[in-house]
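S.K.: Contents of structure.txt (compact mmCIF, C-alpha atoms) are below:
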# COMPACT_ATOMS: atom_id res chain seq x y z
CA MET U 184 272.39 111.60 91.16
CA ASN U 185 275.53 112.63 89.30
CA SER U 186 276.90 116.12 89.79
CA ILE U 187 275.86 118.61 87.12
CA LEU U 188 279.57 119.17 86.51
CA ASP U 189 279.86 115.57 85.29
CA SER U 190 277.62 116.39 82.33
CA PHE U 191 280.24 118.82 81.04
CA LYS U 192 282.98 116.18 80.91
CA LEU U 193 284.13 114.93 77.50
CA ASP U 194 286.18 111.94 78.64
CA GLY U 195 286.53 109.38 75.86
CA LYS U 196 285.20 111.72 73.16
CA THR U 197 287.04 112.85 70.04
CA ALA U 198 286.59 116.30 68.54
CA ILE U 199 287.53 117.46 65.05
CA VAL U 200 288.37 121.17 65.16
CA THR U 201 289.07 123.06 61.93
CA GLY U 202 291.20 126.18 61.96
CA ALA U 203 292.92 124.71 65.01
CA ALA U 204 296.47 125.97 64.45
CA ARG U 205 295.89 129.33 66.12
CA GLY U 206 293.36 131.87 67.31
CA LEU U 207 289.81 130.86 68.16
CA GLY U 208 290.19 127.36 66.75
CA GLN U 209 293.22 126.64 68.88
CA GLY U 210 291.53 128.08 71.95
CA MET U 211 288.48 125.88 71.49
CA ALA U 212 290.57 122.78 70.80
CA LEU U 213 292.41 123.32 74.07
CA ALA U 214 289.16 123.87 75.96
CA LEU U 215 287.72 120.61 74.63
CA ALA U 216 290.93 118.78 75.52
CA ASP U 217 290.86 120.28 79.01
CA ALA U 218 287.33 118.85 79.38
CA GLY U 219 288.58 115.40 78.41
CA ALA U 220 288.37 115.12 74.61
CA ASN U 221 291.02 113.91 72.20
CA ILE U 222 291.56 116.28 69.29
CA VAL U 223 291.87 116.10 65.52
CA ALA U 224 293.41 119.49 64.71
CA VAL U 225 292.75 120.49 61.10
CA ASP U 226 294.27 123.54 59.44
CA ILE U 227 295.93 124.68 56.25
CA LEU U 228 298.86 125.50 58.55
CA ALA U 229 300.80 123.00 60.64
CA ALA U 230 299.12 122.72 64.06
CA GLU U 231 302.11 121.38 65.97
CA ASP U 232 301.81 124.01 68.70
CA THR U 233 298.20 122.97 69.29
CA LYS U 234 299.25 119.32 69.37
CA LYS U 235 301.93 120.06 71.97
CA GLN U 236 299.49 121.92 74.20
CA VAL U 237 296.77 119.28 73.89
CA GLU U 238 299.23 116.53 74.81
CA ALA U 239 300.40 118.58 77.80
CA LEU U 240 296.82 118.30 79.03
CA GLY U 241 297.08 114.52 78.84
CA ARG U 242 295.00 114.06 75.68
CA LYS U 243 295.83 112.65 72.28
CA CYS U 244 296.06 114.95 69.29
CA VAL U 245 296.38 114.20 65.59
CA THR U 246 297.11 117.04 63.18
CA ILE U 247 295.85 117.10 59.60
CA VAL U 248 297.00 119.71 57.09
CA ALA U 249 294.13 120.35 54.68
CA ASN U 250 292.90 123.10 52.39
CA LEU U 251 289.18 123.08 53.11
CA GLY U 252 288.62 125.28 50.07
CA ASP U 253 289.25 122.08 48.08
CA ARG U 254 286.17 119.92 48.58
CA SER U 255 288.05 116.77 47.60
CA SER U 256 290.04 117.05 50.85
CA ILE U 257 286.99 116.41 53.03
CA PRO U 258 286.34 112.67 52.58
CA THR U 259 290.07 112.06 52.99
CA LEU U 260 290.05 114.12 56.16
CA ILE U 261 287.37 111.98 57.80
CA ALA U 262 289.14 108.78 56.72
CA SER U 263 292.46 110.04 58.08
CA ALA U 264 290.91 110.95 61.42
CA LYS U 265 289.35 107.50 61.72
CA GLN U 266 292.73 105.87 61.32
CA SER U 267 293.62 107.33 64.72
CA PHE U 268 290.27 107.42 66.49
CA ALA U 269 287.47 104.90 66.10
CA SER U 270 284.75 107.39 67.01
CA LEU U 271 284.44 110.99 65.86
CA ASP U 272 281.95 112.51 68.29
CA ILE U 273 282.25 116.28 67.91
CA LEU U 274 282.84 118.58 64.95
CA VAL U 275 283.78 122.23 65.39
CA ASN U 276 283.68 124.12 62.09
CA CYS U 277 285.92 127.07 62.94
CA ALA U 278 288.11 127.56 59.85
CA GLY U 279 287.27 130.86 58.18
CA ILE U 280 288.67 133.73 56.18
CA ILE U 281 287.64 137.32 55.47
CA ARG U 282 288.26 139.77 52.63
CA ARG U 283 287.60 143.51 52.87
CA GLU U 284 286.70 145.81 49.98
CA ASP U 285 283.98 148.26 49.00
CA PHE U 286 280.89 146.51 47.67
CA GLU U 287 281.18 147.88 44.13
CA LYS U 288 284.86 146.85 43.92
CA PHE U 289 284.55 143.42 45.48
CA SER U 290 286.09 140.77 43.23
CA GLU U 291 284.71 137.43 42.12
CA LYS U 292 287.77 135.71 43.56
CA ASP U 293 287.29 137.28 46.99
CA TRP U 294 283.66 136.18 46.91
CA ASP U 295 284.46 132.60 45.90
CA ASP U 296 287.42 132.16 48.26
CA VAL U 297 285.47 133.24 51.32
CA MET U 298 282.32 131.31 50.47
CA GLY U 299 284.39 128.20 49.74
CA ILE U 300 285.91 128.11 53.22
CA ASN U 301 283.21 129.73 55.32
CA ILE U 302 280.09 127.91 54.12
CA ASP U 303 280.85 125.30 51.44
CA ALA U 304 283.39 123.53 53.65
CA VAL U 305 281.04 123.76 56.64
CA PHE U 306 278.27 122.05 54.68
CA PHE U 307 280.37 119.28 53.13
CA LEU U 308 282.38 118.50 56.27
CA SER U 309 279.21 118.45 58.38
CA GLN U 310 277.61 116.15 55.81
CA ALA U 311 280.58 113.76 55.93
CA PHE U 312 280.52 113.84 59.74
CA VAL U 313 276.78 113.14 59.86
CA ARG U 314 277.08 110.24 57.41
CA ASP U 315 279.76 108.70 59.62
CA ARG U 316 277.66 109.16 62.78
CA LEU U 317 274.51 107.72 61.20
CA ALA U 318 276.40 104.73 59.79
CA ALA U 319 277.67 104.02 63.31
CA GLN U 320 274.18 104.56 64.74
CA ALA U 321 275.76 107.06 67.08
CA THR U 322 275.01 110.55 68.29
CA GLY U 323 277.09 113.59 67.42
CA LYS U 324 277.59 117.28 68.17
CA ILE U 325 278.25 119.89 65.48
CA ILE U 326 279.34 123.36 66.55
CA ASN U 327 279.54 125.96 63.80
CA ILE U 328 281.25 129.31 64.20
CA ALA U 329 278.94 132.10 63.18
CA SER U 330 279.58 135.82 63.70
CA MET U 331 278.07 139.14 64.70
CA LEU U 332 277.53 139.41 60.95
CA SER U 333 275.14 136.47 61.12
CA PHE U 334 272.84 139.08 62.73
CA GLN U 335 274.05 142.33 61.14
CA GLY U 336 275.13 143.59 57.75
CA GLY U 337 278.55 144.98 58.46
CA ILE U 338 280.50 147.03 55.93
CA ARG U 339 283.05 146.13 53.26
CA VAL U 340 282.79 142.37 53.89
CA PRO U 341 280.00 141.14 51.57
CA SER U 342 281.14 137.54 51.20
CA TYR U 343 281.88 137.22 54.92
CA THR U 344 278.45 138.55 55.88
CA ALA U 345 276.73 136.30 53.36
CA SER U 346 278.67 133.24 54.48
CA LYS U 347 278.12 133.81 58.19
CA SER U 348 274.40 134.43 57.67
CA ALA U 349 274.35 131.13 55.78
CA VAL U 350 276.15 129.38 58.64
CA GLN U 351 273.35 130.38 61.01
CA GLY U 352 270.71 129.14 58.57
CA LEU U 353 272.52 125.85 57.94
CA THR U 354 272.82 125.33 61.69
CA ARG U 355 269.04 125.53 61.99
CA LEU U 356 268.52 123.21 59.02
CA ILE U 357 270.82 120.50 60.39
CA ALA U 358 269.15 120.71 63.80
CA SER U 359 265.67 120.54 62.27
CA GLU U 360 266.42 117.61 60.00
CA LEU U 361 268.72 115.54 62.18
CA GLY U 362 267.74 116.34 65.75
CA GLY U 363 265.56 113.25 65.84
CA LYS U 364 268.51 111.13 64.76
CA GLY U 365 270.78 112.10 67.63
CA ILE U 366 272.65 114.97 65.98
CA ASN U 367 272.79 118.30 67.77
CA CYS U 368 273.91 121.30 65.73
CA ASN U 369 274.42 124.70 67.31
CA ALA U 370 276.59 127.72 66.62
CA ILE U 371 278.72 130.20 68.50
CA ALA U 372 278.79 133.79 67.27
CA PRO U 373 281.97 135.39 68.59
CA GLY U 374 281.97 139.13 69.01
CA TYR U 375 284.91 141.32 68.11
CA MET U 376 287.87 139.11 68.98
CA ALA U 377 291.58 139.95 69.07
CA THR U 378 292.56 137.62 66.21
CA ASP U 379 294.26 137.93 62.84
CA ASN U 380 290.89 138.59 61.16
CA THR U 381 290.40 141.77 63.18
CA ALA U 382 294.00 143.00 63.02
CA PRO U 383 293.16 145.73 60.44
CA LEU U 384 290.31 146.99 62.64
CA ARG U 385 292.45 147.08 65.77
CA ALA U 386 295.21 148.87 63.87
CA ASP U 387 292.77 151.64 62.86
CA ALA U 388 292.62 153.79 65.99
CA ASP U 389 289.31 155.44 65.13
CA ARG U 390 287.58 152.23 64.11
CA SER U 391 288.91 150.36 67.12
CA ALA U 392 287.68 153.10 69.46
CA SER U 393 284.20 153.08 67.89
CA ILE U 394 283.97 149.29 68.27
CA LEU U 395 285.11 149.30 71.88
CA ALA U 396 282.67 152.10 72.70
CA ARG U 397 279.78 149.81 71.75
CA ILE U 398 280.95 146.71 73.64
CA PRO U 399 279.53 146.82 77.19
CA ALA U 400 282.43 144.66 78.40
CA GLY U 401 284.78 147.41 77.20
CA ARG U 402 287.37 145.12 75.60
CA TRP U 403 288.11 142.90 72.64
CA GLY U 404 287.33 139.23 73.19
CA THR U 405 289.95 136.48 73.39
CA PRO U 406 289.96 132.78 72.47
CA GLU U 407 289.61 131.99 76.19
CA ASP U 408 286.19 133.67 76.17
CA LEU U 409 284.81 130.84 74.01
CA ARG U 410 285.89 128.01 76.33
CA GLY U 411 282.66 127.73 78.29
CA ALA U 412 280.36 127.91 75.28
CA VAL U 413 282.20 125.31 73.22
CA VAL U 414 282.47 122.81 76.07
CA PHE U 415 278.78 123.29 76.90
CA LEU U 416 277.67 122.70 73.30
CA ALA U 417 279.98 119.70 72.89
CA SER U 418 278.83 118.01 76.10
CA SER U 419 275.73 116.21 77.30
CA ALA U 420 274.84 119.34 79.29
CA SER U 421 273.42 120.76 76.03
CA ASP U 422 271.57 117.67 74.79
CA TYR U 423 268.27 119.57 74.59
CA VAL U 424 269.80 122.62 72.89
CA ASN U 425 269.55 122.38 69.12
CA GLY U 426 269.62 124.88 66.26
CA TYR U 427 270.60 127.84 68.40
CA THR U 428 273.33 130.44 67.95
CA ILE U 429 274.97 131.62 71.17
CA ALA U 430 276.54 135.07 70.98
CA VAL U 431 279.77 135.43 72.95
CA ASP U 432 280.19 139.11 72.29
CA GLY U 433 280.71 141.06 75.50
CA GLY U 434 277.18 142.40 75.09
CA TRP U 435 277.59 143.84 71.57
CA LEU U 436 274.20 142.65 70.28
CA ALA U 437 272.43 143.79 73.44
CA ARG U 438 273.52 147.41 72.96
Would you write out, as structure tokens, the structure that this file holds?

M.R.:
Amino acid sequence: MNSILDSFKLDGKTAIVTGAARGLGQGMALALADAGANIVAVDILAAEDTKKQVEALGRKCVTIVANLGDRSSIPTLIASAKQSFASLDILVNCAGIIRREDFEKFSEKDWDDVMGINIDAVFFLSQAFVRDRLAAQATGKIINIASMLSFQGGIRVPSYTASKSAVQGLTRLIASELGGKGINCNAIAPGYMATDNTAPLRADADRSASILARIPAGRWGTPEDLRGAVVFLASSASDYVNGYTIAVDGGWLAR
């Protein structure tokens, strides 16, 4: 019998990771590479630092600059990735943005921009990935990045809350419809992480203190905190896990 640790290995696999230039996306790309996967690093920013770190781990990395808010970029993205890697086995939908404003002042542009990246791109990129996997008669793993606001309402972030609630629902739909065809789709809901998205919260001493007071772990999360969850969901260790959202939140939702 093989060691249980062998089921976490990703040797020979290729993972597409969006939002991979920095923050949580970069952290998850490096974790997948450390477990053995080659990486397609997608971001609106150049992901050369991610590429350098992936290659230092002995894996291949291709970077693709793409604006996922433009749906026409998605078919090209899959085609570009396949020029470098014959098989695209894992998709991590991490790219996301947030806009903050009072509900009654929230603009149409802020609604559309956030929904375009946070849910529209997740749907259309997942659809393109699934079509490729089914055409190859191959299995695949989709990992969506949800949020604490997939479970809660939040304040002053209406489009973010709506989009992340939709991500959780779409994760369940993909699992329900495609689980019998070899596609696993799960989500990770990060808690309050020390990233660019939370910079305004961390800069507000009172708000930061109130957030930390509710987190049993007593600290903001880091990209490294997602390493175990993303490797688990990308690997054969999670083959019978489908449609579930794992909270990596320091205990926030348990409080």

S.K.: Go through U:Thr233, U:Asn425, U:Asn369, U:Ser190 and flag the residue nearest Val413 (chain U), using all atoms listed in the file for the distances.

M.R.: U:Asn369

S.K.: Using only C-alpha atoms for the distances, tell me which of U:Ile371, U:Ala264, U:Ile394, U:Val237 is nearest to Val414 (chain U).

M.R.: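 Ranking U:Ile371, U:Ala264, U:Ile394, U:Val237 by distance to Val414 (chain U), first place goes to U:Ile371.
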
S.K.: Name all residues at most 12 Å from Leu356 (chain U) (count all atoms listed in the file; drop same-chain ones fewer than 4 positions away) and give them as a list in words.

M.R.: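 After dropping sequence-adjacent residues, the list is Phe306, Ser309, Gln310, Ala349, Val350, Gln351, Gly352, Glu360, Leu361, Gly362, Ile366, Asn367, Cys368, Asn369, Ala370, Asn425, Gly426 and Tyr427 of chain U.
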
S.K.: Extract, using only C-alpha atoms, all DNA, RNA and protein residues at most 9 Å from region 241-252 of chain U, discarding same-chain residues fewer than 6 positions from it, and format them as an MDAnalysis selection string.

M.R.: chainID U and resid 201 203 216:217 219:231 233:235 260 263:264 267 278 296:301 303:305 308

S.K.: If I take CA of Gln335 (chain U) and CA of Leu436 (chain U), how far is one from the other in Å, to one decimal?

M.R.: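 Between CA of Gln335 (chain U) and CA of Leu436 (chain U) the gap works out to 9.1 Å.
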
S.K.: For a test of reading the model, state the distance in Å between CA of Ala400 (chain U) and CA of Thr378 (chain U), rounded to one decimal.

M.R.: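 Spanning CA of Ala400 (chain U) to CA of Thr378 (chain U) is a straight-line distance of 17.3 Å.
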
S.K.: Return the padded bounding box of region 349-358 of chain U as lines of an AutoDock Vina configuration file: axis-aligned, built from all atoms listed in the file, 5 Å added on each side, with centre and edge lengths in Å to one decimal.

M.R.:
center_x = 272.3
center_y = 125.8
center_z = 59.8
size_x = 17.6
size_y = 20.6
size_z = 18.0

S.K.: Could you work out how far CA of Ala311 (chain U) lies from CA of Thr259 (chain U), giving the answer in Å with one decimal?

M.R.: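 CA of Ala311 (chain U) lies at a distance of 10.1 Å from CA of Thr259 (chain U).
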
S.K.: If we count only C-alpha atoms, what is near region 285-294 of chain U at a cut-off of 12 Å, once residues fewer than 5 positions away on the same chain are taken out, given as a list in words?

M.R.: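 Near region 285-294 of chain U, the qualifying residues are Ile280, Gly299, Ile300, Asn301, Ile302, Gly336, Gly337, Ile338, Arg339, Val340, Pro341, Ser342, Tyr343, Thr344, Ala345 and Ser346 of chain U.
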
S.K.: Taking C-alpha atoms for each residue, export the selection above as a short mmCIF file (atom, residue, chain, number, x, y, z; two decimals), in the coordinates of the input.

M.R.:
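File out_17.cif, as written:
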data_model
loop_
_atom_site.label_atom_id
_atom_site.label_comp_id
_atom_site.auth_asym_id
_atom_site.auth_seq_id
_atom_site.Cartn_x
_atom_site.Cartn_y
_atom_site.Cartn_z
CA ILE U 280 288.67 133.73 56.18
CA GLY U 299 284.39 128.20 49.74
CA ILE U 300 285.91 128.11 53.22
CA ASN U 301 283.21 129.73 55.32
CA ILE U 302 280.09 127.91 54.12
CA GLY U 336 275.13 143.59 57.75
CA GLY U 337 278.55 144.98 58.46
CA ILE U 338 280.50 147.03 55.93
CA ARG U 339 283.05 146.13 53.26
CA VAL U 340 282.79 142.37 53.89
CA PRO U 341 280.00 141.14 51.57
CA SER U 342 281.14 137.54 51.20
CA TYR U 343 281.88 137.22 54.92
CA THR U 344 278.45 138.55 55.88
CA ALA U 345 276.73 136.30 53.36
CA SER U 346 278.67 133.24 54.48
#

S.K.: Which residue is closest to Met331 (chain U)? Choose from U:Asp408, U:Val431, U:Glu284, U:Ser393 and count all atoms listed in the file.

M.R.: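 The answer is U:Val431, which sits nearest to Met331 (chain U).
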
S.K.: Identify which of the residues U:Gly363, U:Gly404, U:Gly195, U:Gly210 lies closest to Ser418 (chain U), counting all atoms listed in the file when measuring atom-to-atom distances.

M.R.: U:Gly195

S.K.: Excluding Ser330 (chain U) and its own-chain neighbours fewer than 6 positions away, which residues fall within 7 Å of it when counting only C-alpha atoms? Please give them as a list in words.

M.R.: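 Returned residues: Lys347, Ala372, Pro373 and Gly374 of chain U.
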
S.K.: Between U:Trp435, U:Asp232, U:Ala430, U:Phe268, which has the minimum distance to Gly401 (chain U) (counting only C-alpha atoms)?

M.R.: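 When distances to Gly401 (chain U) are compared using only C-alpha atoms, the smallest one comes from U:Trp435.
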
S.K.: For Leu384 (chain U), which residue among U:Lys364, U:Asp295, U:Ser348, U:Trp403 is the nearest when counting only C-alpha atoms?

M.R.: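 Of U:Lys364, U:Asp295, U:Ser348, U:Trp403, the one nearest Leu384 (chain U), counting only C-alpha atoms, is U:Trp403.
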
S.K.: Pop region 267-291 of chain U out of the structure in the block and write N, CA and C atoms as a short mmCIF file (atom, residue, chain, number, x, y, z; two decimals), in the first residue's frame.

M.R.:
data_model
loop_
_atom_site.label_atom_id
_atom_site.label_comp_id
_atom_site.auth_asym_id
_atom_site.auth_seq_id
_atom_site.Cartn_x
_atom_site.Cartn_y
_atom_site.Cartn_z
N SER U 267 2.11 25.30 -23.99
CA SER U 267 3.24 24.94 -23.13
C SER U 267 3.05 23.62 -22.41
N PHE U 268 1.81 23.29 -22.10
CA PHE U 268 1.52 22.08 -21.35
C PHE U 268 0.38 21.33 -22.02
N ALA U 269 0.60 20.06 -22.28
CA ALA U 269 -0.40 19.27 -23.00
C ALA U 269 -1.65 19.05 -22.16
N SER U 270 -1.49 18.96 -20.85
CA SER U 270 -2.61 18.66 -19.97
C SER U 270 -2.77 19.74 -18.91
N LEU U 271 -3.97 20.26 -18.78
CA LEU U 271 -4.27 21.26 -17.76
C LEU U 271 -5.16 20.59 -16.72
N ASP U 272 -4.59 20.22 -15.59
CA ASP U 272 -5.24 19.32 -14.64
C ASP U 272 -5.98 20.02 -13.51
N ILE U 273 -5.52 21.22 -13.16
CA ILE U 273 -6.02 21.91 -11.97
C ILE U 273 -6.27 23.36 -12.33
N LEU U 274 -7.38 23.90 -11.86
CA LEU U 274 -7.68 25.32 -12.03
C LEU U 274 -7.96 25.93 -10.67
N VAL U 275 -7.21 26.97 -10.32
CA VAL U 275 -7.45 27.72 -9.09
C VAL U 275 -7.93 29.12 -9.48
N ASN U 276 -9.18 29.40 -9.22
CA ASN U 276 -9.78 30.70 -9.53
C ASN U 276 -9.59 31.64 -8.34
N CYS U 277 -8.45 32.33 -8.31
CA CYS U 277 -8.13 33.18 -7.17
C CYS U 277 -8.28 34.68 -7.47
N ALA U 278 -8.15 35.09 -8.72
CA ALA U 278 -8.20 36.52 -9.04
C ALA U 278 -9.48 37.14 -8.50
N GLY U 279 -9.33 38.27 -7.83
CA GLY U 279 -10.51 38.94 -7.27
C GLY U 279 -10.20 40.38 -6.91
N ILE U 280 -11.25 41.19 -6.88
CA ILE U 280 -11.11 42.59 -6.48
C ILE U 280 -12.24 42.93 -5.51
N ILE U 281 -12.09 44.06 -4.84
CA ILE U 281 -13.09 44.51 -3.88
C ILE U 281 -13.23 46.02 -3.99
N ARG U 282 -14.43 46.51 -3.80
CA ARG U 282 -14.69 47.96 -3.75
C ARG U 282 -15.53 48.23 -2.50
N ARG U 283 -15.21 49.30 -1.80
CA ARG U 283 -15.89 49.63 -0.55
C ARG U 283 -16.63 50.96 -0.66
N GLU U 284 -17.90 50.94 -0.30
CA GLU U 284 -18.71 52.16 -0.26
C GLU U 284 -20.03 51.84 0.42
N ASP U 285 -20.65 52.84 1.02
CA ASP U 285 -21.96 52.64 1.62
C ASP U 285 -22.95 52.14 0.57
N PHE U 286 -23.88 51.30 1.00
CA PHE U 286 -24.81 50.66 0.09
C PHE U 286 -25.52 51.67 -0.81
N GLU U 287 -26.04 52.75 -0.22
CA GLU U 287 -26.84 53.71 -0.99
C GLU U 287 -26.00 54.54 -1.94
N LYS U 288 -24.68 54.53 -1.77
CA LYS U 288 -23.78 55.30 -2.64
C LYS U 288 -23.04 54.42 -3.64
N PHE U 289 -23.22 53.13 -3.55
CA PHE U 289 -22.43 52.20 -4.35
C PHE U 289 -22.74 52.37 -5.84
N SER U 290 -21.69 52.49 -6.66
CA SER U 290 -21.89 52.84 -8.06
C SER U 290 -22.10 51.60 -8.94
N GLU U 291 -22.70 51.83 -10.08
CA GLU U 291 -22.90 50.77 -11.06
C GLU U 291 -21.56 50.21 -11.54
#
